[in-house]
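The next block is run39.cif, given as mmCIF, C-alpha atoms.
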```cif
data_protein
loop_
_atom_site.label_atom_id
_atom_site.label_comp_id
_atom_site.auth_asym_id
_atom_site.auth_seq_id
_atom_site.Cartn_x
_atom_site.Cartn_y
_atom_site.Cartn_z
CA MET A 29 21.21 53.99 -22.26
CA LYS A 30 23.23 51.27 -20.51
CA VAL A 31 23.42 53.43 -17.39
CA LEU A 32 19.65 53.88 -17.39
CA ARG A 33 19.11 50.14 -17.75
CA LEU A 34 21.52 49.49 -14.91
CA LEU A 35 19.71 51.95 -12.64
CA VAL A 36 16.39 50.29 -13.43
CA VAL A 37 17.76 46.83 -12.65
CA LEU A 38 19.39 48.07 -9.43
CA ALA A 39 16.07 49.55 -8.32
CA ALA A 40 14.40 46.21 -9.05
CA ALA A 41 17.05 44.43 -7.02
CA MET A 42 16.42 46.73 -4.08
CA LEU A 43 12.71 45.95 -4.29
CA VAL A 44 13.50 42.23 -4.26
CA ALA A 45 15.64 42.64 -1.15
CA HIS A 46 12.92 44.73 0.50
CA ALA A 47 10.33 42.09 -0.36
CA ALA A 48 12.56 39.44 1.19
CA PHE A 49 12.56 41.34 4.47
CA ALA A 50 8.83 41.95 4.16
CA GLU A 51 8.24 38.18 4.10
CA CYS A 52 9.54 38.10 7.67
CA ALA A 53 6.62 39.88 9.29
CA HIS A 54 7.50 38.09 12.53
CA ALA A 55 11.25 38.14 13.11
CA PRO A 56 13.44 38.03 16.24
CA VAL A 57 15.59 40.97 17.22
CA GLN A 58 19.18 40.35 16.14
CA GLY A 59 21.92 40.30 18.74
CA SER A 60 23.71 38.31 21.42
CA TYR A 61 21.88 37.00 24.47
CA SER A 62 23.48 35.39 27.49
CA THR A 63 23.06 34.23 31.05
CA THR A 64 25.98 36.53 31.90
CA ASN A 65 23.90 39.66 31.31
CA ALA A 66 20.52 38.21 32.34
CA THR A 67 19.04 38.26 28.82
CA MET A 68 18.79 34.45 29.10
CA ILE A 69 18.28 32.06 31.97
CA GLY A 70 19.88 28.67 32.50
CA GLY A 71 18.07 25.41 32.16
CA ARG A 72 17.64 21.73 32.81
CA VAL A 73 18.11 18.82 30.43
CA SER A 74 16.98 15.21 30.26
CA GLU A 75 18.55 12.63 28.00
CA ALA A 76 16.34 9.59 27.43
CA PHE A 77 17.96 6.18 26.96
CA CYS A 78 15.58 5.36 24.11
CA SER A 79 17.00 1.90 23.45
CA GLY A 80 17.57 1.24 27.14
CA ALA A 81 21.27 0.71 26.43
CA GLY A 82 22.63 3.55 28.57
CA PRO A 83 24.48 6.84 27.97
CA GLY A 84 26.04 7.86 24.65
CA GLN A 85 24.07 5.38 22.55
CA PRO A 86 22.58 6.13 19.11
CA GLY A 87 18.97 7.18 19.39
CA ASN A 88 19.22 8.70 22.88
CA THR A 89 17.19 11.92 22.81
CA GLN A 90 17.57 15.21 24.66
CA ASN A 91 14.86 17.48 26.01
CA ALA A 92 16.02 20.87 27.39
CA MET A 93 14.02 23.64 29.06
CA SER A 94 14.78 26.94 30.77
CA TRP A 95 14.48 26.93 34.57
CA ASN A 96 14.25 30.03 36.76
CA GLY A 97 13.83 28.21 40.05
CA ALA A 98 10.05 28.05 39.76
CA VAL A 99 8.98 27.64 36.12
CA LEU A 100 10.24 24.99 33.71
CA GLY A 101 10.30 25.98 30.04
CA GLY A 102 9.05 29.52 30.52
CA GLN A 103 11.68 31.25 28.34
CA TRP A 104 13.03 28.62 25.94
CA THR A 105 12.88 24.92 25.08
CA MET A 106 14.86 22.59 22.80
CA SER A 107 13.67 19.04 22.21
CA GLY A 108 14.06 16.01 19.96
CA MET A 109 17.84 16.16 19.46
CA THR A 110 18.82 12.51 18.83
CA ILE A 111 22.31 10.97 18.98
CA ASP A 112 23.39 9.97 15.47
CA ALA A 113 24.41 6.49 14.32
CA ALA A 114 28.04 6.98 15.43
CA GLY A 115 27.08 7.43 19.08
CA ALA A 116 29.48 9.04 21.55
CA VAL A 117 32.94 8.89 19.94
CA GLN A 118 35.93 8.60 22.28
CA LYS A 119 38.56 11.27 21.53
CA LYS A 120 40.99 10.92 24.42
CA TYR A 121 41.69 8.35 27.13
CA ALA A 122 43.75 9.64 30.04
CA ILE A 123 43.32 7.28 32.99
CA ASP A 124 46.34 6.08 34.95
CA GLY A 125 46.99 2.68 36.52
CA SER A 126 45.12 3.70 39.66
CA GLY A 127 42.00 4.50 37.72
CA ASN A 128 42.32 8.26 38.06
CA GLY A 129 41.85 10.61 35.11
CA TYR A 130 39.31 11.24 32.40
CA ILE A 131 37.87 10.22 29.02
CA ASP A 132 36.77 12.78 26.42
CA TYR A 133 33.90 12.12 24.01
CA VAL A 134 32.32 13.99 21.10
CA THR A 135 28.66 13.35 20.25
CA ASN A 136 26.66 14.66 17.31
CA TYR A 137 22.88 14.86 17.40
CA THR A 138 20.36 15.12 14.57
CA GLY A 139 16.91 16.71 14.38
CA GLY A 140 15.23 18.75 17.07
CA GLN A 141 13.10 21.86 17.47
CA PHE A 142 13.36 25.02 19.54
CA TRP A 143 10.88 27.47 21.03
CA LEU A 144 11.68 30.98 22.29
CA SER A 145 9.24 33.07 24.29
CA GLY A 146 8.23 36.29 22.58
CA ALA A 147 8.66 37.97 25.97
CA GLY A 148 12.43 37.41 25.78
CA ALA A 149 14.90 40.16 24.92
CA TRP A 150 14.78 38.92 21.30
CA GLY A 151 11.01 39.49 21.07
CA ASP A 152 9.42 41.69 18.39
CA GLY A 153 6.09 42.09 20.20
CA LEU A 154 4.27 39.72 17.82
CA GLY A 155 4.40 36.45 19.75
CA ASN A 156 6.61 33.44 20.37
CA PHE A 157 9.15 31.90 17.99
CA THR A 158 9.68 28.33 16.83
CA GLY A 159 12.36 26.77 14.69
CA THR A 160 14.38 23.69 13.77
CA MET A 161 17.79 22.69 15.07
CA THR A 162 20.35 22.50 12.25
CA TYR A 163 23.40 21.51 14.32
CA TYR A 164 23.82 20.11 17.83
CA ASN A 165 27.20 18.91 19.12
CA VAL A 166 28.29 17.92 22.63
CA GLY A 167 31.86 17.56 23.87
CA THR A 168 31.95 15.64 27.17
CA ARG A 169 34.61 14.91 29.76
CA VAL A 170 33.93 12.00 32.14
CA SER A 171 36.17 12.13 35.21
CA TYR A 172 37.23 9.01 37.16
CA PHE A 173 38.73 8.36 40.58
CA GLY A 174 39.67 4.83 41.51
CA TRP A 175 37.91 3.55 38.38
CA GLN A 176 34.67 5.14 39.52
CA GLU A 177 32.93 7.84 37.51
CA VAL A 178 32.88 10.95 39.71
CA GLY A 179 31.81 13.71 37.32
CA LEU A 180 30.55 14.48 33.83
CA THR A 181 30.64 17.93 32.26
CA SER A 182 29.77 18.95 28.71
CA ASN A 183 30.29 21.83 26.28
CA ILE A 184 27.33 22.20 23.91
CA THR A 185 27.31 24.01 20.56
CA PHE A 186 24.17 24.41 18.49
CA ARG A 187 22.56 26.31 15.62
CA GLY A 188 19.00 26.66 14.34
CA ALA A 189 16.67 28.25 11.78
CA PHE A 190 13.50 30.19 12.58
CA ASN A 191 10.25 28.90 11.08
CA ASP A 192 8.60 32.31 10.60
CA CYS A 193 11.53 33.96 8.82
CA ALA A 194 13.71 32.17 6.29
CA TYR A 195 16.47 34.75 6.81
CA CYS A 196 16.78 34.49 10.59
CA PHE A 197 19.00 32.00 12.38
CA ILE A 198 20.55 31.07 15.66
CA ASP A 199 23.90 31.23 13.94
CA TYR A 200 25.93 30.35 17.01
CA ALA A 201 25.15 29.26 20.56
CA VAL A 202 27.14 27.61 23.35
CA ALA A 203 26.27 26.24 26.79
CA ASN A 204 27.76 24.10 29.54
CA SER A 205 26.10 21.30 31.47
CA ILE A 206 26.83 18.98 34.38
CA LEU A 207 25.38 15.56 35.12
CA ILE A 208 23.04 15.62 38.12
CA TRP A 209 21.39 12.19 38.12
CA ARG A 210 21.23 8.91 36.21
CA SER A 211 18.74 6.06 36.40
CA GLY A 212 19.68 3.65 39.19
CA GLU A 213 20.91 6.41 41.51
CA GLY A 214 17.79 6.67 43.64
CA ALA A 215 14.63 8.71 43.18
CA MET A 216 14.49 10.94 40.11
CA PRO A 217 14.67 14.65 41.07
CA ALA A 218 11.58 16.78 40.42
CA ASN A 219 11.18 19.65 37.97
CA TYR A 220 13.26 18.32 35.09
CA PRO A 221 12.12 17.89 31.47
CA PRO A 222 10.42 14.51 30.95
CA PHE A 223 12.15 11.73 29.06
CA GLN A 224 11.21 11.58 25.38
CA CYS A 225 10.64 8.53 23.13
CA GLY A 226 8.64 6.87 25.92
CA ALA A 227 11.85 5.91 27.71
CA ALA A 228 11.78 4.79 31.32
CA THR A 229 15.48 5.44 31.93
CA GLY A 230 17.92 8.25 31.27
CA GLU A 231 19.94 11.00 32.91
CA LEU A 232 19.45 14.60 34.01
CA HIS A 233 21.73 17.62 33.61
CA ASP A 234 21.82 21.26 34.73
CA ALA A 235 22.70 23.75 31.96
CA CYS A 236 24.40 27.08 32.54
CA CYS A 237 26.60 29.72 30.95
CA ILE A 238 24.54 30.03 27.77
CA THR A 239 25.37 32.49 25.01
CA MET A 240 23.20 32.68 21.90
CA HIS A 241 23.59 34.90 18.83
CA ILE A 242 20.67 35.59 16.49
CA LEU A 243 21.32 36.79 12.93
CA CYS A 244 18.87 37.90 10.23
CA ASP A 245 20.56 38.13 6.83
CA VAL A 246 19.41 38.18 3.19
CA THR A 247 22.96 38.31 1.80
CA ALA A 248 22.48 35.13 -0.18
CA THR A 249 19.44 36.57 -1.94
CA GLU A 250 21.17 39.87 -2.56
CA GLU A 251 24.29 38.15 -3.92
CA SER A 252 22.16 36.09 -6.27
CA THR A 253 20.39 39.19 -7.53
CA TRP A 254 23.66 41.10 -7.95
CA GLY A 255 25.12 38.16 -9.86
CA SER A 256 22.19 38.31 -12.28
CA ILE A 257 22.69 42.04 -12.76
CA LYS A 258 26.41 41.67 -13.48
CA SER A 259 25.73 38.95 -16.03
CA LEU A 260 23.80 41.47 -18.13
CA TYR A 261 26.93 43.56 -18.65
CA ARG A 262 29.68 40.96 -19.23
#
```
Just give me the structure as structure tokens.
Amino acid sequence: MKVLRLLVVLAAAMLVAHAAFAECAHAPVQGSYSTTNATMIGGRVSEAFCSGAGPGQPGNTQNAMSWNGAVLGGQWTMSGMTIDAAGAVQKKYAIDGSGNGYIDYVTNYTGGQFWLSGAGAWGDGLGNFTGTMTYYNVGTRVSYFGWQEVGLTSNITFRGAFNDCAYCFIDYAVANSILIWRSGEGAMPANYPPFQCGAATGELHDACCITMHILCDVTATEESTWGSIKSLYR
């Protein structure tokens, strides 16, 4: 009799898991996508100086869009990522007496949304995807020569959750960027994402070398269900 009850409960658990998947009528295709195999394209980024105080300040907000040389934001966008209250945190200072060397910073951002074109390799044929950013971190090295800033490169790591499917995530993504322009350095280049927060000043970056992994997983739901089943037979 116990065996029969267990089989019935297991069948119910399978139906629950199936229903969980069924809720995601519009879900991205799982897998890794990258600029290295042409399943993604690089992009351009603006960072608005929302308080007018300059780079690395709390409240500065990023706006990133894909760029294929002709169309801005045609494949993906990420916007609204805002530097947290800590601002850019210095992690290493390595400048000699002549003013040559570098400074490393780590910056955490909060908030943000993403959009992925349904025509991308991750598409399921049912339209575009939207979601919220759950983690956005930037590690930056600022290089100096003779006490003058001569270069700024960043490593970006981010994660996100899809709006149309509670079980699908950007569980890991990385990108690199390089500073192209900052307010006060002449005319602003064309075809970059606009500054957010109504800011009049900011900086522009080119983004490359992107790798993004999408995962759809109902393990948490299945584990919860299995835990309930086991509790019946303790």
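When all atoms listed in the file are used to compute distances to Glu177 of chain A, the closest of the residues A:His54, A:Arg210, A:His233, A:Arg72 turns out to be A:Arg210.
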Inset, instruction - Extract, using all atoms listed in the file, all DNA, RNA and protein residues at most 7 Å from Ser62 of chain A, discarding same-chain residues fewer than 5 positions from it, and format them as a list of chain:residue names. - result: A:Thr67, A:Met68, A:Ile238, A:Thr239, A:Met240
Could you please take those selected residues and save C-alpha atoms as a PDB file, keeping the file's coordinate frame?
```pdb
ATOM      1  CA  THR A  67      19.040  38.260  28.820  1.00  0.00           C
ATOM      2  CA  MET A  68      18.790  34.450  29.100  1.00  0.00           C
ATOM      3  CA  ILE A 238      24.540  30.030  27.770  1.00  0.00           C
ATOM      4  CA  THR A 239      25.370  32.490  25.010  1.00  0.00           C
ATOM      5  CA  MET A 240      23.200  32.680  21.900  1.00  0.00           C
TER       6      MET A 240
END
```
Find the nearest atom pair between each residue of segment 56-105 of chain A and segment 146-161 of chain A for residues within 7 Å, count all atoms listed in the file, give distances in Å to one decimal, sort rows by chain and ascending number, and present the table as CSV.
```
residue,atom,partner,partner_atom,distance
A:Pro56,CA,A:Trp150,CA,5.3
A:Val57,CA,A:Trp150,CA,4.6
A:Gln58,CA,A:Trp150,CA,6.9
A:Thr67,CA,A:Ala149,CA,6.0
A:Gln103,CA,A:Gly148,CA,6.7
```
Legend entry - Long-range neighbours of Tyr163 of chain A as a ChimeraX atom specification, 10 Å cut-off, all atoms listed in the file, 3 positions minimum in chain: /A:109,136-140,160,185-189,199-200
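Of note, atom CA of Cys196 of chain A and atom CA of Cys225 of chain A are spaced 29.5 Å apart.
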Inset, instruction - Point out the residue among A:Gln224, A:Thr63, A:Gln85, A:Thr105 with the least atom-to-atom distance to Trp143 of chain A, counting only C-alpha atoms. - result: A:Thr105
Apply the PyMOL selection byres ((chain A and resi 171) around 7) to the displayed file and report the matching residues as a short mmCIF file (atom, residue, chain, number, x, y, z; two decimals) with C-alpha atoms, in the frame of the given file.
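In the end it all went to selection.cif:
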```
data_model
loop_
_atom_site.label_atom_id
_atom_site.label_comp_id
_atom_site.auth_asym_id
_atom_site.auth_seq_id
_atom_site.Cartn_x
_atom_site.Cartn_y
_atom_site.Cartn_z
CA GLY A 129 41.85 10.61 35.11
CA TYR A 130 39.31 11.24 32.40
CA ILE A 131 37.87 10.22 29.02
CA ARG A 169 34.61 14.91 29.76
CA VAL A 170 33.93 12.00 32.14
CA TYR A 172 37.23 9.01 37.16
CA GLU A 177 32.93 7.84 37.51
CA VAL A 178 32.88 10.95 39.71
CA GLY A 179 31.81 13.71 37.32
CA LEU A 180 30.55 14.48 33.83
#
```
Inset, instruction - Go ahead and compute the interatomic distance for atom CA of Asn204 of chain A and atom CA of Ile242 of chain A, in Å to one decimal. - result: 18.8 Å
Inset, instruction - Using the chain letters and numbering of this document, enumerate as an MDAnalysis selection string the residues selected by the PyMOL selection byres ((chain A and resi 121) around 8). - result: chainID A and resid 118:120 122:123 130:132
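When only C-alpha atoms are used to compute distances to Gly214 of chain A, the closest of the residues A:Glu231, A:Phe142, A:Ala53, A:Gly84 turns out to be A:Glu231.
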May I ask you to restore N, CA and C atoms in segment 111-124 of chain A and write the result as a short mmCIF file (atom, residue, chain, number, x, y, z; two decimals), keeping the file's coordinate frame?
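Saved result, result.cif, follows:
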```
data_model
loop_
_atom_site.label_atom_id
_atom_site.label_comp_id
_atom_site.auth_asym_id
_atom_site.auth_seq_id
_atom_site.Cartn_x
_atom_site.Cartn_y
_atom_site.Cartn_z
N ILE A 111 20.93 11.37 19.27
CA ILE A 111 22.31 10.97 18.98
C ILE A 111 22.36 10.20 17.66
N ASP A 112 23.30 10.58 16.80
CA ASP A 112 23.39 9.97 15.47
C ASP A 112 23.93 8.54 15.55
N ALA A 113 24.05 7.91 14.39
CA ALA A 113 24.41 6.49 14.32
C ALA A 113 25.80 6.19 14.88
N ALA A 114 26.68 7.20 14.93
CA ALA A 114 28.04 6.98 15.43
C ALA A 114 28.08 6.87 16.95
N GLY A 115 27.07 7.42 17.63
CA GLY A 115 27.08 7.43 19.08
C GLY A 115 28.16 8.35 19.63
N ALA A 116 28.42 8.24 20.92
CA ALA A 116 29.48 9.04 21.55
C ALA A 116 30.83 8.49 21.11
N VAL A 117 31.65 9.32 20.48
CA VAL A 117 32.94 8.89 19.94
C VAL A 117 34.07 9.29 20.91
N GLN A 118 34.83 8.32 21.37
CA GLN A 118 35.93 8.60 22.28
C GLN A 118 37.05 9.34 21.56
N LYS A 119 37.50 10.46 22.14
CA LYS A 119 38.56 11.27 21.53
C LYS A 119 39.86 11.22 22.32
N LYS A 120 39.76 10.99 23.62
CA LYS A 120 40.99 10.92 24.42
C LYS A 120 40.75 10.06 25.66
N TYR A 121 41.72 9.20 25.93
CA TYR A 121 41.69 8.35 27.13
C TYR A 121 42.89 8.70 27.98
N ALA A 122 42.66 9.20 29.18
CA ALA A 122 43.75 9.64 30.04
C ALA A 122 43.50 9.17 31.47
N ILE A 123 43.51 7.86 31.67
CA ILE A 123 43.32 7.28 32.99
C ILE A 123 44.57 6.49 33.36
N ASP A 124 45.10 6.75 34.54
CA ASP A 124 46.34 6.08 34.95
C ASP A 124 46.06 4.70 35.54
#
```
